[in-house]
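What follows is a single structure, written as structure tokens, with notes after it.
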Amino acid sequence: MMASGENTLPIIEIQQLKKRFGTITALDGIDLHIYPGEIFGLIGPDGAGKTTLIRILCTLLLPDAGRVQLLQHDVVHDVQSIRRFLGYMPQRFSLYPDLTVEQNLNFFADLFQVPPSIRQQRIQQLYHFSRLEPFKNRPTRALSGGMKQKLALSCAMIHTPKILILDEPTTGVDPLSRQEFWHILHQIREGGTTVLVSTPYMEEADQCDRVGLMYRGKLIVVDTPQRVRQRFPYPLYRVWGQDTYALREFFQNLETVHSVHLFGDALHVAFTQPPVPSDWKHWQLTSHQQIIRWQPIEASVEDVFLEMMEAHS
Amino acid sequence: MNQRKPAIVAEHLTRRFGTFLAVDRVSFRVYEGEIFGFLGANGAGKTTVIRMLCGLLAPSDGNAWTAGFNVRTQVEQIKQHIGYMSQKFSLYEDLTVRENLAFYGGLYHLRRDQIQQKKQQLFQQLELAAFETTLARDLPLGFKQRLALSCALLHDPPVLFLDEPTSGVDPRARRDFWGLIQSLARSGKTIFVTTHFMEEAEYCHRVAIMHEGKIVAMDTPETLKARSRKSSMQQVFVSLIQQQLTES
Ligand SMILES: Nc1ncnc2c1ncn2[C@@H]1O[C@H](COP(=O)(O)OP(=O)(O)OP(=O)(O)O)[C@@H](O)[C@H]1O
Ligand SMILES: [Mg+2]
């Protein structure tokens with residue numbers, strides 16, 4: 001487990017951070033402490049301000065107001081020292097298209113001065129995750145979209161920075177590789193690196209020690225994934241039906257239903273008051289036997305996310 | 001299912017790059033009005049298959065027909081009968097929403113009044129009107145995705161190819177987008193879609209799973225789950241690919 005708590009000094013300290021672009025308020029007073037050895041996840045809809053926040057932390061963008069420190073170094077005044085202990089992978093990462101997979105890895109290993117003694121081991125570990133070893137002599141431009149993403153990610157993880165910041169690293173990465181990516185991220189954290197990662201995959205929030213939900217330039221919730229899930233205030237059921245779309249409409253029209261969302265092959269139905277067995281019997285009839293099965297469930301981070309978006313819009 | 005007309009037919013479709021076999025004798029049919037999900041690990045060959053079916057890349061071997069036209073000999077007709085949303089939404093970032101649509105309309109030789117009429121309909125359906133004069137690069141990703149879809153739908157094609165249309169898009173925008181896909185399919189359009197979100201695979205009528213250039217499974221999500229005794233497509237996918245990797 002991470003070493004967080006009141007008695008540890010935060011490794012990332014953000015106070016009243018503000019940033020505007022013209023008339024758009026991208027960051028509207030962000031306060032956040034991230035502690036050494038944490039994996040902190042940033043989630044939120046498109047345009048919530050995640051990338052702006054990340055770019056300021058990485059000294060690529062100046063704040064309008066507020067204070068941001070990494071390891072007690074100020075992002076405005078200590079740019080050079082911050083870049084020495086920071087690893088960063090932007091949303092759109094440029095690899096050298098004419099270099100091969102292996103040449104790219106070695107190029108970044110040189111750039112970050114990875115000692116030769118551990119370089120091979122690290123590259124092997126990254127190949128295991130990316131499954132790119134059979135293609136190591138292929139020029140990067142001939143890789144598929146997801147293969148490029150995995151190579152970019154490998155290049156960003158080739159050294160062991162004190163702080164690693166990844167902006168949507170798993171976009172376009174296949175499900176199996178995503179599992180393995182998180183496995184490596186946990187190993188990197190064991191090595192003492194603090195990780196800040198943004199993601200559009202809600203199930204990845206559960207892999208983080210804490211998550212922050214961003215919406216319209218504000219951090220609305222910061223907590224452990226477990227406590228975020230417990231914030232969901234309504235009794236929630238997973239319901240399977242003959243025709244999920246028809247069933248969704250059926251539930252949307254019930255008075256005691258707060259919300260209905262599609263989750264894969266089933267619906268998540270949140271009620272304003274807990275349904276009793278006779279309710280289900282009744283709905284079976286009124287829906288013309290559309291309901292196959294139902295089961296009370298604990299809310300996922302995605303349920304909380306959707307609820308939060310509806311509550312705030 | 002079998003009385004239905006096929007909108008896409010692939011027979012032993014194959015593509016080599018040098019000596020590398022990217023797509024290896026792939027055969028399948030997709031029927032009119034069907035939502036066909038194309039899954040597979042990175043580099044499995046999904047985009048390469050799509051590019052061949054769209055007439056953008058010549059097959060090395062085998063054959064295919066899209067909307068009744070041959071991918072080798074009738075490329076121009078195919079272009080008029082398909083919509084294609086590529087993996088990196090290919091929009092003109094420095095053009096506004098309206099200009100992007102006008103540009104794509106021009107590509108398909110549509111008259112100005114046709115573009116105008118279709119534009120009104122799409123703006124309403126996709127809720128894009130508020131962004132008409134916004135530059136594509138300033139659009140939130142979810143709306144960029146809708147603009148890319150509008151461009152692909154402008155000439156009212158019967159067959160749509162969507163290559164990772166929801167990658168990087170947030171959970172609510174993804175649900176909205178799938179609502180659109182469902183209604184397009186109900187109106188008779190054929191949808192060929194790739195995704196790395198396995199819960200989206202559940203929304204497809206049928207899915208094919210590719211591994212190293214070959215199709216290793218193809219059926220409805222229900223049947224695939226029942227056959228492998230898994231409760232989700234996520235589990236089906238991961239176990240199937242792991243099995244393939246240990247066998248090879
Ligand atoms: N022009 C090319 N030259 C050489 N190899 C290529 C070329 N285009 C694609 N490939 C290779 O063909 C294979 C299939 O690529 P493709 O883009 O079809 O994968 P994909 O299934 O779409 O993957 P992703 O999920 O990452 O998008 C990959 O190994 C890729 O490197
Ligand atoms: Mg692809």
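Labels for the structure tokens follow display order: chains A, B, ..., residues from 1 in each chain, ligands from 1.
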
So which bits of stretch 30-152 of chain A end up alpha helix (DSSP H) when you DSSP the backbone, as JSON, numbers by chain? {"A": [50, 51, 52, 53, 54, 55, 56, 57, 79, 80, 81, 82, 83, 84, 85, 101, 102, 103, 104, 105, 106, 107, 108, 109, 110, 111, 116, 117, 118, 119, 120, 121, 122, 123, 124, 125, 126, 127, 128, 129, 130, 145, 146, 147, 148, 149, 150, 151, 152]}

Expected answer as a ChimeraX atom specification: residues within 8 Å of ligand 2, only C-alpha atoms and all ligand atoms: /A:144-146 /B:42-43,45-48,87,163-164,194

Please return, as a PyMOL selection string, all residues of chain A lying within 6 Å of chain B when only C-alpha atoms are considered. chain A and resi 45+47+144+146-147+171-172+174+176+200+264-265

Keeping only N, CA, C and O atoms, write the selected residues to a file as a PDB file, in the first residue's frame.
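As written to disk, part.pdb reads:
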```pdb
ATOM      1  N   PRO A  45     -14.993  13.643 -17.961  1.00  0.00           N
ATOM      2  CA  PRO A  45     -15.363  13.681 -19.377  1.00  0.00           C
ATOM      3  C   PRO A  45     -14.374  14.510 -20.180  1.00  0.00           C
ATOM      4  O   PRO A  45     -13.558  15.234 -19.627  1.00  0.00           O
ATOM      5  N   GLY A  47     -12.803  17.316 -22.153  1.00  0.00           N
ATOM      6  CA  GLY A  47     -12.876  18.760 -21.955  1.00  0.00           C
ATOM      7  C   GLY A  47     -13.036  19.155 -20.502  1.00  0.00           C
ATOM      8  O   GLY A  47     -13.296  20.318 -20.196  1.00  0.00           O
ATOM      9  N   SER A 144       0.661  -0.886 -36.233  1.00  0.00           N
ATOM     10  CA  SER A 144      -0.762  -0.539 -36.097  1.00  0.00           C
ATOM     11  C   SER A 144      -0.903   0.562 -35.048  1.00  0.00           C
ATOM     12  O   SER A 144       0.026   0.835 -34.289  1.00  0.00           O
ATOM     13  N   GLY A 146      -2.533   0.798 -32.179  1.00  0.00           N
ATOM     14  CA  GLY A 146      -2.328   0.379 -30.803  1.00  0.00           C
ATOM     15  C   GLY A 146      -0.890  -0.038 -30.532  1.00  0.00           C
ATOM     16  O   GLY A 146      -0.378   0.134 -29.425  1.00  0.00           O
ATOM     17  N   MET A 147      -0.221  -0.604 -31.539  1.00  0.00           N
ATOM     18  CA  MET A 147       1.190  -0.976 -31.360  1.00  0.00           C
ATOM     19  C   MET A 147       2.039   0.282 -31.148  1.00  0.00           C
ATOM     20  O   MET A 147       2.949   0.303 -30.317  1.00  0.00           O
ATOM     21  N   THR A 171      -5.422   4.456 -24.257  1.00  0.00           N
ATOM     22  CA  THR A 171      -6.374   4.662 -25.334  1.00  0.00           C
ATOM     23  C   THR A 171      -5.951   3.873 -26.568  1.00  0.00           C
ATOM     24  O   THR A 171      -4.827   4.020 -27.040  1.00  0.00           O
ATOM     25  N   GLY A 172      -6.839   3.014 -27.066  1.00  0.00           N
ATOM     26  CA  GLY A 172      -6.522   2.228 -28.252  1.00  0.00           C
ATOM     27  C   GLY A 172      -5.683   0.990 -27.966  1.00  0.00           C
ATOM     28  O   GLY A 172      -5.316   0.267 -28.879  1.00  0.00           O
ATOM     29  N   ASP A 174      -5.274  -2.795 -26.541  1.00  0.00           N
ATOM     30  CA  ASP A 174      -6.242  -3.887 -26.440  1.00  0.00           C
ATOM     31  C   ASP A 174      -6.388  -4.387 -24.992  1.00  0.00           C
ATOM     32  O   ASP A 174      -5.531  -4.126 -24.155  1.00  0.00           O
ATOM     33  N   LEU A 176      -6.108  -7.187 -23.302  1.00  0.00           N
ATOM     34  CA  LEU A 176      -5.086  -8.003 -22.655  1.00  0.00           C
ATOM     35  C   LEU A 176      -3.862  -7.156 -22.317  1.00  0.00           C
ATOM     36  O   LEU A 176      -3.309  -7.225 -21.216  1.00  0.00           O
ATOM     37  N   PRO A 200      -9.807   7.137 -19.788  1.00  0.00           N
ATOM     38  CA  PRO A 200     -11.223   7.098 -20.086  1.00  0.00           C
ATOM     39  C   PRO A 200     -11.833   5.724 -19.755  1.00  0.00           C
ATOM     40  O   PRO A 200     -13.026   5.543 -19.902  1.00  0.00           O
ATOM     41  N   GLY A 264     -22.962  -3.067 -21.036  1.00  0.00           N
ATOM     42  CA  GLY A 264     -22.747  -4.322 -21.737  1.00  0.00           C
ATOM     43  C   GLY A 264     -24.068  -4.984 -22.065  1.00  0.00           C
ATOM     44  O   GLY A 264     -24.944  -4.361 -22.653  1.00  0.00           O
ATOM     45  N   ASP A 265     -24.246  -6.256 -21.642  1.00  0.00           N
ATOM     46  CA  ASP A 265     -25.447  -6.989 -22.026  1.00  0.00           C
ATOM     47  C   ASP A 265     -26.607  -6.774 -21.056  1.00  0.00           C
ATOM     48  O   ASP A 265     -27.591  -7.486 -21.119  1.00  0.00           O
TER      49      ASP A 265
END
```

Please list as a ChimeraX atom specification every residue within 8 Å of stretch 99-106 of chain B, counting only C-alpha atoms and excluding residues in the same chain fewer than 6 positions away. /B:91-92,115,119,136,150-151,154-155

Would you export the selected residues with all heavy atoms as a CSV table (one decimal), in the first residue's frame, please?
```
chain,number,residue,atom,x,y,z
B,91,LEU,N,-10.2,14.5,-39.9
B,91,LEU,CA,-10.9,15.8,-40.2
B,91,LEU,C,-9.8,16.8,-40.5
B,91,LEU,O,-8.6,16.6,-40.3
B,91,LEU,CB,-11.6,16.2,-38.9
B,91,LEU,CG,-12.7,15.3,-38.4
B,91,LEU,CD1,-13.1,15.7,-37.0
B,91,LEU,CD2,-13.9,15.3,-39.4
B,92,TYR,N,-10.3,17.9,-41.2
B,92,TYR,CA,-9.4,19.0,-41.4
B,92,TYR,C,-9.5,19.9,-40.2
B,92,TYR,O,-10.4,20.6,-40.0
B,92,TYR,CB,-9.7,19.7,-42.7
B,92,TYR,CG,-9.4,18.7,-43.9
B,92,TYR,CD1,-10.3,17.8,-44.3
B,92,TYR,CD2,-8.1,18.8,-44.4
B,92,TYR,CE1,-9.9,16.9,-45.3
B,92,TYR,CE2,-7.8,17.9,-45.4
B,92,TYR,CZ,-8.7,16.9,-45.8
B,92,TYR,OH,-8.3,16.0,-46.8
B,115,ILE,N,-26.0,18.8,-49.9
B,115,ILE,CA,-25.2,18.9,-48.7
B,115,ILE,C,-26.0,19.7,-47.6
B,115,ILE,O,-26.1,19.2,-46.4
B,115,ILE,CB,-23.9,19.7,-49.0
B,115,ILE,CG1,-23.1,18.9,-50.0
B,115,ILE,CG2,-23.1,19.9,-47.7
B,115,ILE,CD1,-21.8,19.6,-50.4
B,119,LYS,N,-27.0,18.1,-44.2
B,119,LYS,CA,-26.4,18.7,-43.0
B,119,LYS,C,-27.4,19.1,-41.9
B,119,LYS,O,-27.2,18.8,-40.8
B,119,LYS,CB,-25.7,20.0,-43.5
B,119,LYS,CG,-24.8,20.6,-42.4
B,119,LYS,CD,-24.2,22.0,-42.9
B,119,LYS,CE,-25.2,23.1,-42.6
B,119,LYS,NZ,-24.7,24.4,-43.1
B,136,ALA,N,-12.5,22.4,-36.2
B,136,ALA,CA,-12.5,21.0,-35.8
B,136,ALA,C,-11.5,20.8,-34.6
B,136,ALA,O,-11.8,20.1,-33.7
B,136,ALA,CB,-12.1,20.1,-37.0
B,150,SER,N,-20.6,12.4,-39.2
B,150,SER,CA,-21.4,13.2,-40.1
B,150,SER,C,-20.8,13.1,-41.5
B,150,SER,O,-21.5,13.0,-42.5
B,150,SER,CB,-21.6,14.6,-39.7
B,150,SER,OG,-22.1,14.7,-38.4
B,151,CYS,N,-19.5,13.3,-41.5
B,151,CYS,CA,-18.8,13.3,-42.8
B,151,CYS,C,-18.9,12.0,-43.5
B,151,CYS,O,-19.1,11.9,-44.7
B,151,CYS,CB,-17.3,13.7,-42.6
B,151,CYS,SG,-17.0,15.3,-42.1
B,154,LEU,N,-22.6,11.7,-45.0
B,154,LEU,CA,-23.1,12.8,-45.8
B,154,LEU,C,-23.8,12.3,-47.1
B,154,LEU,O,-24.8,12.8,-47.5
B,154,LEU,CB,-21.9,13.7,-46.1
B,154,LEU,CG,-22.2,15.1,-46.4
B,154,LEU,CD1,-23.0,15.7,-45.3
B,154,LEU,CD2,-20.9,15.9,-46.5
B,155,HIS,N,-23.2,11.3,-47.7
B,155,HIS,CA,-23.7,10.8,-49.0
B,155,HIS,C,-24.7,9.6,-48.8
B,155,HIS,O,-24.9,8.8,-49.7
B,155,HIS,CB,-22.6,10.5,-49.9
B,155,HIS,CG,-21.6,9.5,-49.3
B,155,HIS,ND1,-20.9,9.8,-48.2
B,155,HIS,CD2,-21.2,8.3,-49.7
B,155,HIS,CE1,-20.2,8.7,-47.8
B,155,HIS,NE2,-20.3,7.8,-48.8
```

Counting only C-alpha atoms and all ligand atoms, which residue out of B:Lys189, B:Lys230, B:Arg15, B:Arg111 sits closest to ligand 1?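 Using only C-alpha atoms and all ligand atoms, ligand 1 sits closest to B:Arg15.
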
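Distance annotation: of B:Asp138, B:Glu34, B:Glu132, B:Asp24, the residue with the minimal separation from ligand 1 is B:Asp24; atom set is only C-alpha atoms and all ligand atoms.
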
Write out as a list in words all residues of stretch 105-236 of chain A that backbone DSSP assigns to strand (DSSP E).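 Answer for stretch 105-236 of chain A restricted to strand (DSSP E) is Ile163, Leu164, Ile165, Leu166, Asp167, Thr194, Val195, Leu196, Val197, Ser198, Arg210, Val211, Gly212, Leu213, Met214, Tyr215, Lys218, Leu219, Ile220, Val221, Val222, Asp223 and Leu236 of chain A.
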